[in-house]
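S.K.: Below is the file target09.pdb, with PDB, C-alpha atoms.
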ATOM      1  CA  MET D   1     -29.862 -22.687  37.765
ATOM      2  CA  SER D   2     -27.607 -23.544  40.669
ATOM      3  CA  THR D   3     -26.524 -27.145  40.698
ATOM      4  CA  LEU D   4     -24.082 -26.732  43.517
ATOM      5  CA  THR D   5     -23.859 -29.639  45.883
ATOM      6  CA  SER D   6     -23.799 -29.211  49.614
ATOM      7  CA  PRO D   7     -20.645 -30.295  51.451
ATOM      8  CA  ALA D   8     -21.657 -33.371  53.354
ATOM      9  CA  SER D   9     -24.335 -34.973  51.184
ATOM     10  CA  GLU D  10     -22.744 -35.829  47.820
ATOM     11  CA  GLY D  11     -19.532 -37.714  47.083
ATOM     12  CA  ALA D  12     -16.054 -36.308  47.570
ATOM     13  CA  PRO D  13     -13.398 -35.992  44.871
ATOM     14  CA  PHE D  14     -11.508 -39.172  44.208
ATOM     15  CA  VAL D  15      -7.953 -39.043  45.555
ATOM     16  CA  ALA D  16      -5.607 -41.724  44.243
ATOM     17  CA  GLN D  17      -3.633 -43.664  46.819
ATOM     18  CA  GLN D  18      -0.232 -42.128  46.127
ATOM     19  CA  PHE D  19      -1.349 -38.598  46.928
ATOM     20  CA  ASP D  20      -1.685 -37.031  50.359
ATOM     21  CA  ASP D  21      -4.729 -34.970  49.425
ATOM     22  CA  ILE D  22      -6.746 -33.651  46.506
ATOM     23  CA  GLU D  23      -4.596 -30.536  46.260
ATOM     24  CA  GLN D  24      -1.399 -32.507  45.732
ATOM     25  CA  GLN D  25      -3.136 -34.683  43.155
ATOM     26  CA  ARG D  26      -4.358 -31.678  41.181
ATOM     27  CA  GLU D  27      -0.952 -29.989  41.342
ATOM     28  CA  ALA D  28       0.786 -33.167  40.180
ATOM     29  CA  ALA D  29      -1.600 -33.531  37.233
ATOM     30  CA  LYS D  30      -1.093 -29.917  36.199
ATOM     31  CA  LEU D  31       2.678 -30.240  36.521
ATOM     32  CA  GLY D  32       2.610 -33.375  34.403
ATOM     33  CA  MET D  33       0.603 -31.643  31.693
ATOM     34  CA  TRP D  34       2.881 -28.583  31.721
ATOM     35  CA  ILE D  35       5.933 -30.834  31.345
ATOM     36  CA  PHE D  36       4.219 -32.579  28.452
ATOM     37  CA  LEU D  37       3.513 -29.158  26.915
ATOM     38  CA  ALA D  38       7.208 -28.319  27.327
ATOM     39  CA  THR D  39       8.016 -31.429  25.284
ATOM     40  CA  GLU D  40       5.492 -30.231  22.706
ATOM     41  CA  VAL D  41       7.438 -26.977  22.564
ATOM     42  CA  LEU D  42      10.488 -29.083  21.751
ATOM     43  CA  PHE D  43       8.451 -30.927  19.114
ATOM     44  CA  PHE D  44       7.233 -27.826  17.316
ATOM     45  CA  GLY D  45      10.499 -26.068  18.143
ATOM     46  CA  GLY D  46      12.421 -28.146  15.641
ATOM     47  CA  LEU D  47      10.117 -26.994  12.849
ATOM     48  CA  PHE D  48      10.252 -23.408  14.079
ATOM     49  CA  LEU D  49      14.041 -23.635  13.973
ATOM     50  CA  GLY D  50      13.956 -24.887  10.384
ATOM     51  CA  TYR D  51      11.631 -22.036   9.504
ATOM     52  CA  THR D  52      13.960 -19.540  11.199
ATOM     53  CA  ILE D  53      17.044 -20.716   9.335
ATOM     54  CA  TYR D  54      15.375 -20.705   5.937
ATOM     55  CA  ARG D  55      13.659 -17.392   6.451
ATOM     56  CA  PHE D  56      16.982 -15.939   7.593
ATOM     57  CA  THR D  57      18.683 -17.316   4.482
ATOM     58  CA  TYR D  58      15.986 -16.764   1.838
ATOM     59  CA  GLY D  59      14.165 -13.729   3.175
ATOM     60  CA  GLN D  60      12.919 -12.310  -0.105
ATOM     61  CA  ILE D  61      11.339 -15.474  -1.518
ATOM     62  CA  PHE D  62       9.598 -16.025   1.808
ATOM     63  CA  VAL D  63       7.940 -12.630   1.464
ATOM     64  CA  GLU D  64       6.691 -13.482  -2.032
ATOM     65  CA  THR D  65       5.460 -16.973  -1.182
ATOM     66  CA  SER D  66       3.805 -15.798   2.026
ATOM     67  CA  ARG D  67       1.676 -13.411  -0.011
ATOM     68  CA  LYS D  68       0.169 -16.422  -1.785
ATOM     69  CA  LEU D  69      -1.459 -17.520   1.450
ATOM     70  CA  ASP D  70      -4.965 -16.272   2.174
ATOM     71  CA  VAL D  71      -4.642 -13.837   5.080
ATOM     72  CA  PHE D  72      -8.394 -13.609   5.524
ATOM     73  CA  LEU D  73      -8.774 -17.350   6.022
ATOM     74  CA  GLY D  74      -5.697 -17.540   8.239
ATOM     75  CA  GLY D  75      -6.765 -14.593  10.358
ATOM     76  CA  THR D  76     -10.303 -15.948  10.688
ATOM     77  CA  ASN D  77      -8.857 -19.260  11.828
ATOM     78  CA  THR D  78      -6.864 -17.420  14.487
ATOM     79  CA  ALA D  79     -10.033 -15.770  15.750
ATOM     80  CA  VAL D  80     -11.849 -19.131  15.690
ATOM     81  CA  LEU D  81      -9.199 -20.713  17.911
ATOM     82  CA  LEU D  82      -9.074 -17.730  20.269
ATOM     83  CA  ILE D  83     -12.831 -17.948  20.805
ATOM     84  CA  SER D  84     -12.611 -21.714  21.242
ATOM     85  CA  SER D  85     -10.071 -21.065  23.991
ATOM     86  CA  LEU D  86     -12.577 -18.732  25.623
ATOM     87  CA  LEU D  87     -15.214 -21.473  25.575
ATOM     88  CA  MET D  88     -12.683 -23.927  26.990
ATOM     89  CA  ALA D  89     -11.805 -21.566  29.840
ATOM     90  CA  PHE D  90     -15.492 -21.237  30.673
ATOM     91  CA  ALA D  91     -15.817 -25.034  30.471
ATOM     92  CA  VAL D  92     -13.148 -25.430  33.143
ATOM     93  CA  ARG D  93     -15.024 -22.917  35.266
ATOM     94  CA  ALA D  94     -18.297 -24.794  34.733
ATOM     95  CA  ALA D  95     -16.617 -28.040  35.797
ATOM     96  CA  LYS D  96     -15.415 -26.426  39.014
ATOM     97  CA  LEU D  97     -18.937 -25.170  39.719
ATOM     98  CA  ASP D  98     -20.570 -28.553  39.088
ATOM     99  CA  GLN D  99     -22.580 -27.204  36.149
ATOM    100  CA  ARG D 100     -22.939 -30.437  34.207
ATOM    101  CA  ARG D 101     -25.103 -29.235  31.326
ATOM    102  CA  VAL D 102     -23.187 -26.011  30.751
ATOM    103  CA  LEU D 103     -19.909 -27.907  30.873
ATOM    104  CA  THR D 104     -21.105 -30.417  28.280
ATOM    105  CA  TRP D 105     -22.284 -27.727  25.876
ATOM    106  CA  LEU D 106     -19.091 -25.724  26.266
ATOM    107  CA  LEU D 107     -16.941 -28.773  25.534
ATOM    108  CA  ILE D 108     -19.050 -29.530  22.465
ATOM    109  CA  GLY D 109     -18.742 -25.883  21.452
ATOM    110  CA  THR D 110     -14.970 -26.027  21.760
ATOM    111  CA  ALA D 111     -14.854 -29.166  19.621
ATOM    112  CA  LEU D 112     -17.181 -27.554  17.069
ATOM    113  CA  LEU D 113     -14.952 -24.508  16.715
ATOM    114  CA  GLY D 114     -12.039 -26.896  16.298
ATOM    115  CA  CYS D 115     -13.965 -28.466  13.417
ATOM    116  CA  VAL D 116     -14.563 -25.010  11.935
ATOM    117  CA  PHE D 117     -10.808 -24.454  12.087
ATOM    118  CA  MET D 118     -10.152 -27.743  10.312
ATOM    119  CA  SER D 119     -12.749 -26.933   7.645
ATOM    120  CA  ILE D 120     -11.140 -23.593   6.872
ATOM    121  CA  LYS D 121      -7.779 -25.324   6.721
ATOM    122  CA  ALA D 122      -9.212 -27.850   4.278
ATOM    123  CA  VAL D 123     -10.473 -25.017   2.076
ATOM    124  CA  GLU D 124      -7.021 -23.431   2.156
ATOM    125  CA  TYR D 125      -5.236 -26.675   1.356
ATOM    126  CA  HIS D 126      -7.613 -27.296  -1.530
ATOM    127  CA  LYS D 127      -6.972 -23.809  -2.882
ATOM    128  CA  ASP D 128      -3.228 -24.439  -2.688
ATOM    129  CA  TYR D 129      -3.673 -27.719  -4.521
ATOM    130  CA  VAL D 130      -5.635 -26.045  -7.302
ATOM    131  CA  ASP D 131      -3.042 -23.258  -7.553
ATOM    132  CA  HIS D 132      -0.202 -25.802  -7.909
ATOM    133  CA  LEU D 133       1.430 -24.693  -4.686
ATOM    134  CA  VAL D 134       1.607 -28.122  -3.053
ATOM    135  CA  PRO D 135       5.284 -29.209  -3.092
ATOM    136  CA  GLY D 136       6.074 -32.215  -5.176
ATOM    137  CA  ARG D 137       5.343 -33.142  -8.719
ATOM    138  CA  GLY D 138       2.564 -30.665  -9.391
ATOM    139  CA  PHE D 139       4.366 -27.625  -7.964
ATOM    140  CA  GLU D 140       4.561 -24.601 -10.258
ATOM    141  CA  TRP D 141       6.164 -21.295  -9.413
ATOM    142  CA  HIS D 142       6.005 -18.469 -11.947
ATOM    143  CA  GLY D 143       8.909 -16.352 -10.847
ATOM    144  CA  ALA D 144      12.503 -16.582  -9.812
ATOM    145  CA  ASP D 145      13.845 -18.969  -7.202
ATOM    146  CA  SER D 146      11.266 -21.722  -7.577
ATOM    147  CA  GLN D 147      13.397 -24.140  -5.512
ATOM    148  CA  ASN D 148      13.162 -21.995  -2.431
ATOM    149  CA  ALA D 149       9.553 -21.106  -3.120
ATOM    150  CA  GLN D 150       8.833 -24.808  -2.884
ATOM    151  CA  LEU D 151      10.863 -24.856   0.332
ATOM    152  CA  PHE D 152       8.549 -22.303   1.896
ATOM    153  CA  PHE D 153       5.563 -24.454   1.013
ATOM    154  CA  TRP D 154       7.206 -27.573   2.421
ATOM    155  CA  ILE D 155       7.626 -25.703   5.686
ATOM    156  CA  TYR D 156       4.080 -24.304   5.515
ATOM    157  CA  PHE D 157       2.480 -27.710   5.005
ATOM    158  CA  ALA D 158       4.725 -29.408   7.580
ATOM    159  CA  MET D 159       4.013 -26.864  10.301
ATOM    160  CA  THR D 160       0.309 -26.366   9.685
ATOM    161  CA  GLY D 161      -0.088 -30.100   9.066
ATOM    162  CA  LEU D 162       1.496 -31.007  12.393
ATOM    163  CA  HIS D 163      -0.648 -28.350  14.065
ATOM    164  CA  ALA D 164      -3.776 -29.701  12.344
ATOM    165  CA  ILE D 165      -3.039 -33.163  13.717
ATOM    166  CA  HIS D 166      -2.847 -31.650  17.186
ATOM    167  CA  VAL D 167      -6.165 -29.877  16.650
ATOM    168  CA  THR D 168      -7.766 -33.135  15.519
ATOM    169  CA  VAL D 169      -6.540 -34.947  18.615
ATOM    170  CA  GLY D 170      -7.862 -32.052  20.675
ATOM    171  CA  ILE D 171     -11.301 -32.305  19.045
ATOM    172  CA  GLY D 172     -11.387 -36.010  19.847
ATOM    173  CA  ILE D 173     -10.448 -35.360  23.463
ATOM    174  CA  MET D 174     -13.104 -32.654  23.839
ATOM    175  CA  LEU D 175     -15.835 -34.904  22.449
ATOM    176  CA  VAL D 176     -14.865 -37.741  24.793
ATOM    177  CA  LEU D 177     -14.809 -35.303  27.722
ATOM    178  CA  ALA D 178     -18.201 -33.937  26.674
ATOM    179  CA  LEU D 179     -19.639 -37.441  26.917
ATOM    180  CA  LEU D 180     -18.002 -38.066  30.290
ATOM    181  CA  ALA D 181     -19.182 -34.661  31.503
ATOM    182  CA  TRP D 182     -22.743 -35.496  30.480
ATOM    183  CA  LEU D 183     -22.460 -38.685  32.522
ATOM    184  CA  GLY D 184     -21.482 -36.583  35.526
ATOM    185  CA  LYS D 185     -17.890 -37.760  35.838
ATOM    186  CA  PHE D 186     -16.487 -34.293  36.530
ATOM    187  CA  SER D 187     -18.646 -33.197  39.404
ATOM    188  CA  HIS D 188     -17.900 -33.216  43.129
ATOM    189  CA  GLY D 189     -14.423 -31.845  42.793
ATOM    190  CA  ASN D 190     -13.286 -34.155  39.980
ATOM    191  CA  HIS D 191     -12.852 -31.256  37.600
ATOM    192  CA  ASN D 192      -9.085 -31.469  37.165
ATOM    193  CA  THR D 193      -9.284 -33.620  34.029
ATOM    194  CA  VAL D 194     -11.132 -30.802  32.289
ATOM    195  CA  GLU D 195      -8.536 -28.312  33.520
ATOM    196  CA  ILE D 196      -5.584 -30.224  32.087
ATOM    197  CA  ALA D 197      -7.382 -30.941  28.804
ATOM    198  CA  GLY D 198      -7.910 -27.190  28.706
ATOM    199  CA  LEU D 199      -4.166 -26.675  29.070
ATOM    200  CA  TYR D 200      -3.608 -28.825  25.980
ATOM    201  CA  TRP D 201      -6.199 -26.907  23.976
ATOM    202  CA  HIS D 202      -4.769 -23.516  24.963
ATOM    203  CA  PHE D 203      -1.312 -24.723  23.982
ATOM    204  CA  VAL D 204      -2.560 -25.692  20.502
ATOM    205  CA  ASP D 205      -4.040 -22.184  20.290
ATOM    206  CA  ILE D 206      -0.702 -20.627  21.281
ATOM    207  CA  VAL D 207       1.130 -22.567  18.557
ATOM    208  CA  TRP D 208      -1.298 -21.211  15.947
ATOM    209  CA  VAL D 209      -0.890 -17.688  17.368
ATOM    210  CA  PHE D 210       2.777 -17.969  16.332
ATOM    211  CA  LEU D 211       2.157 -19.812  13.063
ATOM    212  CA  PHE D 212      -0.217 -17.141  11.742
ATOM    213  CA  PRO D 213       2.187 -14.156  11.659
ATOM    214  CA  LEU D 214       5.214 -16.266  10.775
ATOM    215  CA  LEU D 215       3.587 -17.925   7.768
ATOM    216  CA  TYR D 216       0.919 -15.474   6.620
ATOM    217  CA  LEU D 217       2.413 -12.106   7.530
ATOM    218  CA  VAL D 218       6.014 -12.321   6.316
ATOM    219  CA  GLY D 219       7.094  -8.820   5.380
ATOM    220  CA  HIS D 220       4.314  -6.446   4.470
ATOM    221  CA  ARG D 221       1.510  -7.010   2.011
TER     222      ARG D 221
ATOM    223  CA  MET G 222     -26.871 -17.482  27.527
ATOM    224  CA  PHE G 223     -24.141 -17.109  30.078
ATOM    225  CA  THR G 224     -26.436 -17.740  32.993
ATOM    226  CA  PHE G 225     -23.552 -19.014  34.999
ATOM    227  CA  CYS G 226     -21.972 -15.578  35.140
ATOM    228  CA  GLY G 227     -22.692 -15.110  38.806
ATOM    229  CA  ALA G 228     -20.816 -13.544  41.670
ATOM    230  CA  LEU G 229     -19.320 -16.877  42.638
ATOM    231  CA  GLY G 230     -15.717 -15.885  42.152
ATOM    232  CA  GLU G 231     -14.388 -15.818  45.652
ATOM    233  CA  ARG G 232     -16.774 -18.098  47.509
ATOM    234  CA  ALA G 233     -15.013 -21.146  48.846
ATOM    235  CA  LEU G 234     -16.910 -24.071  47.397
ATOM    236  CA  PRO G 235     -16.602 -27.416  49.181
ATOM    237  CA  PHE G 236     -14.025 -29.317  47.154
ATOM    238  CA  LEU G 237     -12.222 -26.521  45.419
ATOM    239  CA  ALA G 238      -9.641 -25.860  48.130
ATOM    240  CA  MET G 239      -6.950 -23.775  46.422
ATOM    241  CA  ASP G 240      -8.406 -24.137  42.904
ATOM    242  CA  GLU G 241     -10.007 -20.734  42.698
ATOM    243  CA  VAL G 242     -12.863 -20.105  40.312
ATOM    244  CA  THR G 243     -12.077 -17.277  37.929
ATOM    245  CA  GLN G 244     -14.599 -14.543  37.385
ATOM    246  CA  PRO G 245     -16.177 -14.558  33.915
ATOM    247  CA  LYS G 246     -15.123 -10.981  33.224
ATOM    248  CA  VAL G 247     -11.461 -12.003  33.415
ATOM    249  CA  TYR G 248     -12.039 -14.500  30.621
ATOM    250  CA  ILE G 249     -14.110 -12.076  28.558
ATOM    251  CA  TRP G 250     -11.573  -9.266  28.813
ATOM    252  CA  THR G 251      -8.747 -11.687  28.027
ATOM    253  CA  CYS G 252     -10.530 -12.717  24.842
ATOM    254  CA  VAL G 253     -11.226  -9.094  23.918
ATOM    255  CA  ALA G 254      -7.527  -8.288  24.376
ATOM    256  CA  LEU G 255      -6.542 -11.280  22.248
ATOM    257  CA  LEU G 256      -8.878 -10.323  19.406
ATOM    258  CA  ALA G 257      -7.626  -6.725  19.602
ATOM    259  CA  LEU G 258      -4.024  -7.935  19.330
ATOM    260  CA  LEU G 259      -5.055 -10.086  16.351
ATOM    261  CA  ALA G 260      -6.558  -7.035  14.648
ATOM    262  CA  LEU G 261      -3.387  -5.097  15.397
ATOM    263  CA  THR G 262      -1.029  -7.659  13.924
ATOM    264  CA  TRP G 263      -3.304  -8.093  10.889
ATOM    265  CA  ALA G 264      -3.491  -4.349  10.238
ATOM    266  CA  ILE G 265       0.219  -3.727  10.700
ATOM    267  CA  ALA G 266       0.956  -6.385   8.081
ATOM    268  CA  TYR G 267      -0.276  -3.901   5.475
ATOM    269  CA  VAL G 268       2.192  -1.219   6.538
ATOM    270  CA  ASP G 269       5.782  -1.366   5.323
ATOM    271  CA  LEU G 270       8.002  -1.205   8.382
ATOM    272  CA  GLY G 271      10.929  -3.013   6.843
ATOM    273  CA  PRO G 272      12.630  -5.263   9.379
ATOM    274  CA  PHE G 273      10.226  -4.086  12.074
ATOM    275  CA  ASN G 274       7.344  -5.998  10.520
ATOM    276  CA  LEU G 275       8.897  -9.160  11.889
ATOM    277  CA  ILE G 276       9.703  -7.653  15.280
ATOM    278  CA  VAL G 277       6.229  -6.230  15.775
ATOM    279  CA  ALA G 278       4.566  -9.438  14.584
ATOM    280  CA  LEU G 279       6.640 -11.521  16.996
ATOM    281  CA  ALA G 280       6.081  -9.098  19.852
ATOM    282  CA  VAL G 281       2.315  -9.269  19.355
ATOM    283  CA  ALA G 282       2.437 -13.080  19.153
ATOM    284  CA  VAL G 283       4.454 -13.248  22.380
ATOM    285  CA  ALA G 284       1.987 -10.871  24.066
ATOM    286  CA  LYS G 285      -0.933 -13.072  23.017
ATOM    287  CA  ALA G 286       0.850 -16.205  24.242
ATOM    288  CA  ILE G 287       1.570 -14.605  27.615
ATOM    289  CA  VAL G 288      -2.030 -13.465  27.981
ATOM    290  CA  ILE G 289      -3.347 -16.938  27.107
ATOM    291  CA  ALA G 290      -0.925 -18.587  29.541
ATOM    292  CA  LEU G 291      -1.615 -16.177  32.391
ATOM    293  CA  PHE G 292      -5.400 -16.080  32.259
ATOM    294  CA  PHE G 293      -6.740 -19.014  30.250
ATOM    295  CA  MET G 294      -4.140 -21.501  31.465
ATOM    296  CA  HIS G 295      -4.294 -20.097  35.003
ATOM    297  CA  ILE G 296      -0.570 -19.468  35.363
ATOM    298  CA  LYS G 297      -1.483 -16.328  37.261
ATOM    299  CA  GLY G 298      -2.100 -17.469  40.771
ATOM    300  CA  SER G 299      -0.445 -20.841  40.353
ATOM    301  CA  SER G 300       2.590 -22.161  42.193
ATOM    302  CA  ARG G 301       6.222 -21.357  41.388
ATOM    303  CA  LEU G 302       6.664 -24.957  40.302
ATOM    304  CA  LEU G 303       4.135 -24.554  37.512
ATOM    305  CA  HIS G 304       5.687 -21.225  36.509
ATOM    306  CA  LEU G 305       9.008 -23.012  36.158
ATOM    307  CA  ALA G 306       7.551 -25.839  34.088
ATOM    308  CA  ALA G 307       5.737 -23.376  31.846
ATOM    309  CA  VAL G 308       8.845 -21.352  31.185
ATOM    310  CA  ALA G 309      11.331 -24.223  30.833
ATOM    311  CA  GLY G 310      10.339 -25.292  27.317
ATOM    312  CA  VAL G 311      10.372 -21.724  26.080
ATOM    313  CA  ILE G 312      13.835 -21.070  27.477
ATOM    314  CA  TRP G 313      15.093 -24.208  25.765
ATOM    315  CA  LEU G 314      13.598 -22.992  22.497
ATOM    316  CA  LEU G 315      15.305 -19.612  22.892
ATOM    317  CA  PHE G 316      18.646 -21.384  23.399
ATOM    318  CA  LEU G 317      18.023 -23.521  20.328
ATOM    319  CA  ILE G 318      17.184 -20.610  18.053
ATOM    320  CA  SER G 319      19.756 -18.121  19.338
ATOM    321  CA  LEU G 320      22.688 -20.532  19.260
ATOM    322  CA  THR G 321      21.757 -21.854  15.815
ATOM    323  CA  LEU G 322      21.315 -18.349  14.425
ATOM    324  CA  GLY G 323      24.620 -17.478  16.044
ATOM    325  CA  ASP G 324      26.169 -20.174  13.899
ATOM    326  CA  TYR G 325      24.449 -19.301  10.633
ATOM    327  CA  SER G 326      24.808 -15.549  10.915
ATOM    328  CA  THR G 327      28.539 -15.663  11.555
ATOM    329  CA  ARG G 328      29.516 -17.972   8.735
ATOM    330  CA  GLY G 329      32.120 -16.341   6.547
ATOM    331  CA  TRP G 330      33.343 -14.034   9.330
ATOM    332  CA  VAL G 331      36.518 -16.016   9.737
ATOM    333  CA  PRO G 332      38.262 -17.208   6.598
ATOM    334  CA  LEU G 333      38.830 -20.922   6.203
ATOM    335  CA  ASN G 334      42.458 -22.041   6.003
ATOM    336  CA  HIS G 335      42.837 -24.588   3.244
TER     337      HIS G 335
END
What is this file in C-alpha cells?
M.R.:
Amino acid sequence: MSTLTSPASEGAPFVAQQFDDIEQQREAAKLGMWIFLATEVLFFGGLFLGYTIYRFTYGQIFVETSRKLDVFLGGTNTAVLLISSLLMAFAVRAAKLDQRRVLTWLLIGTALLGCVFMSIKAVEYHKDYVDHLVPGRGFEWHGADSQNAQLFFWIYFAMTGLHAIHVTVGIGIMLVLALLAWLGKFSHGNHNTVEIAGLYWHFVDIVWVFLFPLLYLVGHR
Amino acid sequence: MFTFCGALGERALPFLAMDEVTQPKVYIWTCVALLALLALTWAIAYVDLGPFNLIVALAVAVAKAIVIALFFMHIKGSSRLLHLAAVAGVIWLLFLISLTLGDYSTRGWVPLNH
C-alpha cells in the first residue's frame, strides 16, 4: 500500500520566493494560522463574556433554561466532532506520508461528520422552534422570569449559530481540500495546507467542547 | 481499514524535515481520552455538586482543549513561537473575563455619593 516517493525522482515541495527553505515556509504558515485562531478566540470571546456576565447575574434561570436543551443530542454532537478531529489528524498524517487516496477519504469523512453535526443541530433547532423557545415573537416561557429565560436562548442561538457557521465553512474547506488531494496537490512535501486546515477544524472542535458544558450542563440535571 | 498504521513514525522521509509524523496510537489514545472526558462531564452533570458543577465542567473542558491542542494540533513538539501564539489568545480572554467579572462582582461594595 506504500505510495512513498523516493527522494530524487519525484518533485520537491514548492517553496515560495520569500522563504529561505521549506521549514521556514511551513513554520510561517502555522504561525499565521495560530494567530488567526487567536483572533477567533477574541471573536468567540465576546460572546463567552456575555454568557459569563448573564450567567453570573441570573444563575437560577440559566439552570432552568439549560435543562430544556437536549443533552443527548448535544453530547452526541460533541462526540461527533471529537471523532471528526481524529479523522482530521489522521488526514494530516496521510498527507505527510503521500497517501493520496487515504487522505482524500479522510477529508471526506471529516466533512461528512461535520454534516452529521449540522444535521443534529438542525433537529435541535427545529425542536426548539416547535417548543416555542426561539426568542422573538413566538417565545413562550411557562414559569417565572420569562425575560431572562429568553435571554438565555438569545445567547444559546447566538453562540451555537456562530459556531455552526464556522462548522459550515470548515465543511466547505474540507471538501475543496478533498478534491485537491485527489488531484495530487498535497504530495511531495506540500502537505502543510492540510495541516493548517486541520488547525482550523480542531479549533472549531475546541469551541464546541466549551459550548457543550456551558450551555447544556448548567447546574445539575 | 487503517492500513496506513505502520511503523513509520520516526523514519525521516525525504521532504518532511522537522515535520515529524505522529504515530497512529498517539491519535487513537488522544481520542479515547477525549471521549472518556466527555463521558465524565456528562455523568457528573447528573450529580448535584452545587457550585462545583461549574468548576468541574470547566476543568474537564479545559483538559479536553489542552489535549486537542497538544496532540491533534501538534503543539507538543512545536517551536516556542507557536506555543506563544497558541497561548496568547487564551490569556487575552482570561484578562477579559476576570477584569469584567471583577467589575460586576464588586458593584455595590462602595456606596455611591449622591
S.K.: I want to know what sits within 9 Å of range 249-258 of chain G, based on only C-alpha atoms, with residues of the same chain fewer than 5 positions away left out; could you give that as a short mmCIF file (atom, residue, chain, number, x, y, z; two decimals) with C-alpha atoms, in the coordinates of the input?
M.R.:
data_model
loop_
_atom_site.label_atom_id
_atom_site.label_comp_id
_atom_site.auth_asym_id
_atom_site.auth_seq_id
_atom_site.Cartn_x
_atom_site.Cartn_y
_atom_site.Cartn_z
CA THR D 78 -6.86 -17.42 14.49
CA ALA D 79 -10.03 -15.77 15.75
CA LEU D 82 -9.07 -17.73 20.27
CA ILE D 83 -12.83 -17.95 20.80
CA SER D 85 -10.07 -21.06 23.99
CA LEU D 86 -12.58 -18.73 25.62
CA TRP G 263 -3.30 -8.09 10.89
CA VAL G 281 2.32 -9.27 19.36
CA ALA G 282 2.44 -13.08 19.15
CA ALA G 284 1.99 -10.87 24.07
CA LYS G 285 -0.93 -13.07 23.02
CA VAL G 288 -2.03 -13.46 27.98
CA ILE G 289 -3.35 -16.94 27.11
CA PHE G 292 -5.40 -16.08 32.26
CA PHE G 293 -6.74 -19.01 30.25
#
S.K.: I need the residue nearest Lys96 in chain D from this list: D:Val194, D:Ala149, D:Ile35, D:Ala29. Use only C-alpha atoms for the distance.
M.R.: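 Closest to Lys96 in chain D of all the choices is D:Val194.
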S.K.: Please report the interatomic distance between CA of His220 in chain D and CA of Arg67 in chain D in Å with one decimal.
M.R.: 8.7 Å
S.K.: Select all residues from chain D having any atom no more than 6 Å from an atom of chain G (counting all atoms listed in the file, ignoring ligands), output as a count of residues only.
M.R.: 17
S.K.: For Ala95 in chain D, which residue among D:Ile196, D:Ile22, D:Met159, D:Val130 is the nearest when counting all atoms listed in the file?
M.R.: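 Among the listed residues, D:Ile196 lies closest to Ala95 in chain D.
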S.K.: Quick one: apply the PyMOL selection byres ((chain D and resi 99-111) around 7) to the file and drop the selected residues here as a PyMOL selection string.
M.R.: chain D and resi 3+84+87-88+91+94-95+97-98+112-115+171+174-175+178+181-182+184
S.K.: Figure out the distance between CA of Asp205 in chain D and CA of Leu81 in chain D, please, to one decimal in Å.
M.R.: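 These atoms are spaced 5.9 Å apart.
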S.K.: Could you state the separation of CA of Val63 in chain D and CA of Tyr216 in chain D in Å, given to one decimal place?
M.R.: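 Here the two named atoms are 9.2 Å from each other.
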S.K.: So what does the PyMOL selection byres ((chain D and resi 157) around 12) actually pick up in this one, as a PyMOL selection string?
M.R.: chain D and resi 47+51+69+121-122+124-125+128-129+133-136+150-156+158-165+211+215
S.K.: Which is closest to Ala16 in chain D among D:Val167, D:Ser66, D:Asp131, D:Ala28, if we use all atoms listed in the file?
M.R.: D:Ala28
S.K.: Would you compute, for all listed atoms of range 285-301 of chain G, the axis-aligned bounding box grown by 8 Å on each side, and then report its centre and edge lengths in Å rounded to one decimal, as AutoDock Vina command-line options?
M.R.:
--center_x -0.3 --center_y -17.6 --center_z 32.6 --size_x 29.0 --size_y 25.1 --size_z 35.2
